[in-house]
file work_8.csv (CSV, C-alpha atoms)
chain,number,residue,atom,x,y,z
A,1,MET,CA,50.7,7.4,-36.3
A,2,ALA,CA,49.0,4.0,-36.7
A,3,PHE,CA,49.1,3.6,-32.9
A,4,PHE,CA,47.0,6.8,-32.4
A,5,ASP,CA,44.6,5.8,-35.2
A,6,GLU,CA,44.1,2.4,-33.6
A,7,PHE,CA,43.8,3.9,-30.1
A,8,LYS,CA,41.2,6.4,-31.4
A,9,GLU,CA,39.2,3.7,-33.1
A,10,LYS,CA,39.2,1.5,-29.9
A,11,ALA,CA,38.1,4.6,-27.9
A,12,ALA,CA,35.3,5.2,-30.3
A,13,ASP,CA,34.2,1.6,-30.2
A,14,LEU,CA,34.2,1.7,-26.4
A,15,ALA,CA,32.2,4.9,-26.4
A,16,GLN,CA,29.6,3.2,-28.7
A,17,VAL,CA,29.4,0.1,-26.5
A,18,GLY,CA,29.0,2.4,-23.5
A,19,MET,CA,26.2,4.3,-25.1
A,20,ALA,CA,24.5,1.1,-26.2
A,21,LYS,CA,24.8,-0.3,-22.7
A,22,SER,CA,23.5,2.9,-21.1
A,23,LYS,CA,20.5,3.0,-23.5
A,24,GLN,CA,19.9,-0.7,-22.5
A,25,LEU,CA,20.0,0.1,-18.8
A,26,ALA,CA,17.8,3.1,-19.3
A,27,GLU,CA,15.2,1.0,-21.1
A,28,ILE,CA,15.4,-1.6,-18.4
A,29,ALA,CA,14.9,1.0,-15.7
A,30,ARG,CA,11.9,2.5,-17.6
A,31,LEU,CA,10.3,-0.9,-18.0
A,32,ASN,CA,10.9,-1.7,-14.4
A,33,LEU,CA,9.2,1.6,-13.4
A,34,ILE,CA,6.2,0.8,-15.6
A,35,ASN,CA,6.0,-2.7,-14.1
A,36,THR,CA,6.1,-1.2,-10.6
A,37,GLY,CA,3.2,1.1,-11.5
A,38,GLU,CA,1.2,-1.8,-13.0
A,39,GLU,CA,1.9,-3.9,-9.9
A,40,ASP,CA,0.6,-1.1,-7.8
A,41,THR,CA,-2.5,-0.9,-10.0
A,42,ILE,CA,-3.1,-4.7,-9.4
A,43,ARG,CA,-2.5,-4.3,-5.7
A,44,LYS,CA,-5.1,-1.5,-5.4
A,45,ALA,CA,-7.6,-3.5,-7.5
A,46,TYR,CA,-7.1,-6.5,-5.3
A,47,GLN,CA,-7.7,-4.4,-2.2
A,48,GLU,CA,-10.8,-2.8,-3.7
A,49,LEU,CA,-12.1,-6.3,-4.8
A,50,GLY,CA,-11.6,-7.5,-1.2
A,51,ARG,CA,-13.4,-4.5,0.2
A,52,ILE,CA,-16.3,-5.0,-2.1
A,53,TYR,CA,-16.4,-8.7,-1.4
A,54,TYR,CA,-16.3,-8.1,2.4
A,55,ALA,CA,-19.0,-5.4,2.2
A,56,GLU,CA,-21.3,-7.7,0.2
A,57,ARG,CA,-20.5,-11.1,1.6
A,58,GLY,CA,-18.6,-10.6,4.8
A,59,ASN,CA,-21.5,-11.9,6.9
A,60,ALA,CA,-21.9,-15.1,4.9
A,61,PRO,CA,-18.6,-15.7,2.9
A,62,GLU,CA,-17.9,-18.6,0.8
A,63,PRO,CA,-15.8,-21.3,2.7
A,64,ALA,CA,-12.5,-20.2,1.0
A,65,TYR,CA,-12.9,-16.7,2.3
A,66,SER,CA,-14.4,-17.3,5.7
A,67,ALA,CA,-11.1,-17.2,7.7
A,68,LEU,CA,-10.1,-13.9,6.1
A,69,CYS,CA,-13.5,-12.4,6.7
A,70,GLU,CA,-13.4,-13.6,10.3
A,71,LYS,CA,-10.1,-11.8,10.8
A,72,ILE,CA,-11.5,-8.6,9.4
A,73,THR,CA,-14.6,-8.8,11.6
A,74,ALA,CA,-12.5,-9.6,14.7
A,75,ALA,CA,-10.2,-6.6,13.9
A,76,ARG,CA,-13.2,-4.3,13.4
A,77,ILE,CA,-14.6,-5.5,16.8
A,78,THR,CA,-11.2,-4.8,18.5
A,79,ILE,CA,-11.0,-1.3,16.9
A,80,GLU,CA,-14.5,-0.5,18.2
A,81,GLU,CA,-13.7,-1.8,21.7
A,82,ASN,CA,-10.5,0.3,21.7
A,83,LYS,CA,-12.3,3.4,20.5
A,84,ASP,CA,-14.9,2.9,23.3
A,85,ARG,CA,-12.1,2.5,25.8
A,86,ILE,CA,-10.3,5.6,24.5
A,87,ALA,CA,-13.5,7.6,24.8
A,88,GLN,CA,-13.9,6.3,28.4
A,89,LEU,CA,-10.4,7.2,29.3
A,90,ARG,CA,-10.8,10.7,27.8
A,91,ALA,CA,-14.0,11.2,29.7
A,92,GLU,CA,-12.4,10.1,33.0
A,93,GLY,CA,-9.1,12.0,32.7
A,94,THR,CA,-6.4,11.6,35.4
A,95,ASP,CA,-7.9,14.1,37.9
A,96,GLY,CA,-11.5,13.7,36.9
A,97,SER,CA,-11.4,16.4,34.3
A,98,PRO,CA,-11.9,15.6,30.6
A,99,VAL,CA,-8.7,15.0,28.6
A,100,ARG,CA,-7.8,17.1,25.6
A,101,ASN,CA,-8.4,15.4,22.3
A,102,GLU,CA,-4.7,15.0,21.3
A,103,THR,CA,-5.1,11.9,19.3
A,104,ALA,CA,-8.1,12.6,17.2
A,105,ALA,CA,-6.3,11.6,14.0
A,106,GLU,CA,-5.6,8.2,15.5
A,107,ASP,CA,-9.3,7.7,16.1
A,108,THR,CA,-10.0,7.6,12.4
A,109,VAL,CA,-8.4,4.3,11.9
A,110,ASP,CA,-11.3,2.9,9.9
A,111,ALA,CA,-11.6,5.8,7.5
A,112,ASP,CA,-10.4,3.5,4.7
A,113,LEU,CA,-12.5,0.5,5.8
A,114,PRO,CA,-15.7,0.0,3.9
A,115,PRO,CA,-19.0,0.0,5.9
A,116,GLU,CA,-20.2,-3.5,6.8
A,117,ASP,CA,-23.7,-3.0,5.4
A,118,GLY,CA,-22.4,-2.8,1.8
A,119,SER,CA,-23.2,0.9,1.3
A,120,PHE,CA,-20.4,3.0,-0.1
call {"tool": "encode", "arguments": {"input": "work_8.csv", "output": "structure tokens"}}
result
Amino acid sequence: MAFFDEFKEKAADLAQVGMAKSKQLAEIARLNLINTGEEDTIRKAYQELGRIYYAERGNAPEPAYSALCEKITAARITIEENKDRIAQLRAEGTDGSPVRNETAAEDTVDADLPPEDGSF
């Protein structure tokens, strides 16, 4: 009988250890999830900060930011050139007739980009 009592006691101890470990893992997962949300908040704030800075100072950035502002400006120019070329190709068509607007959603690439004049 002592064997069964000892076995039952060890099983109960293991169950308690397992419950404690699962609670610990659940708490770790919950905290990691909260941290992921907070990191996303920081990332979005950084992006918004960058948008505001570029909108306000993109034409005359401080030296530390000039290379990044130049990349943004160059990318904007490329996007506008590509949009002009897309419009030209649509107007021409392959047989001289206008092409259907199948990629209208792709033309709105800069929907998330702030205006360059600083107006929101």
call {"tool": "closest_residue", "arguments": {"input": "work_8.csv", "among": "A:Ala12, A:Cys69, A:Leu31, A:Ser22", "to": "Ala55 of chain A", "atoms": "all atoms listed in the file"}}
result
A:Cys69
call {"tool": "atom_distance", "arguments": {"input": "work_8.csv", "atom1": "atom CA of Leu33 of chain A", "atom2": "atom CA of Gly50 of chain A"}}
result
25.8 Å
call {"tool": "atom_distance", "arguments": {"input": "work_8.csv", "atom1": "atom CA of Phe3 of chain A", "atom2": "atom CA of Gly18 of chain A"}}
result
22.2 Å
call {"tool": "atom_distance", "arguments": {"input": "work_8.csv", "atom1": "atom CA of Leu68 of chain A", "atom2": "atom CA of Lys83 of chain A"}}
result
22.6 Å
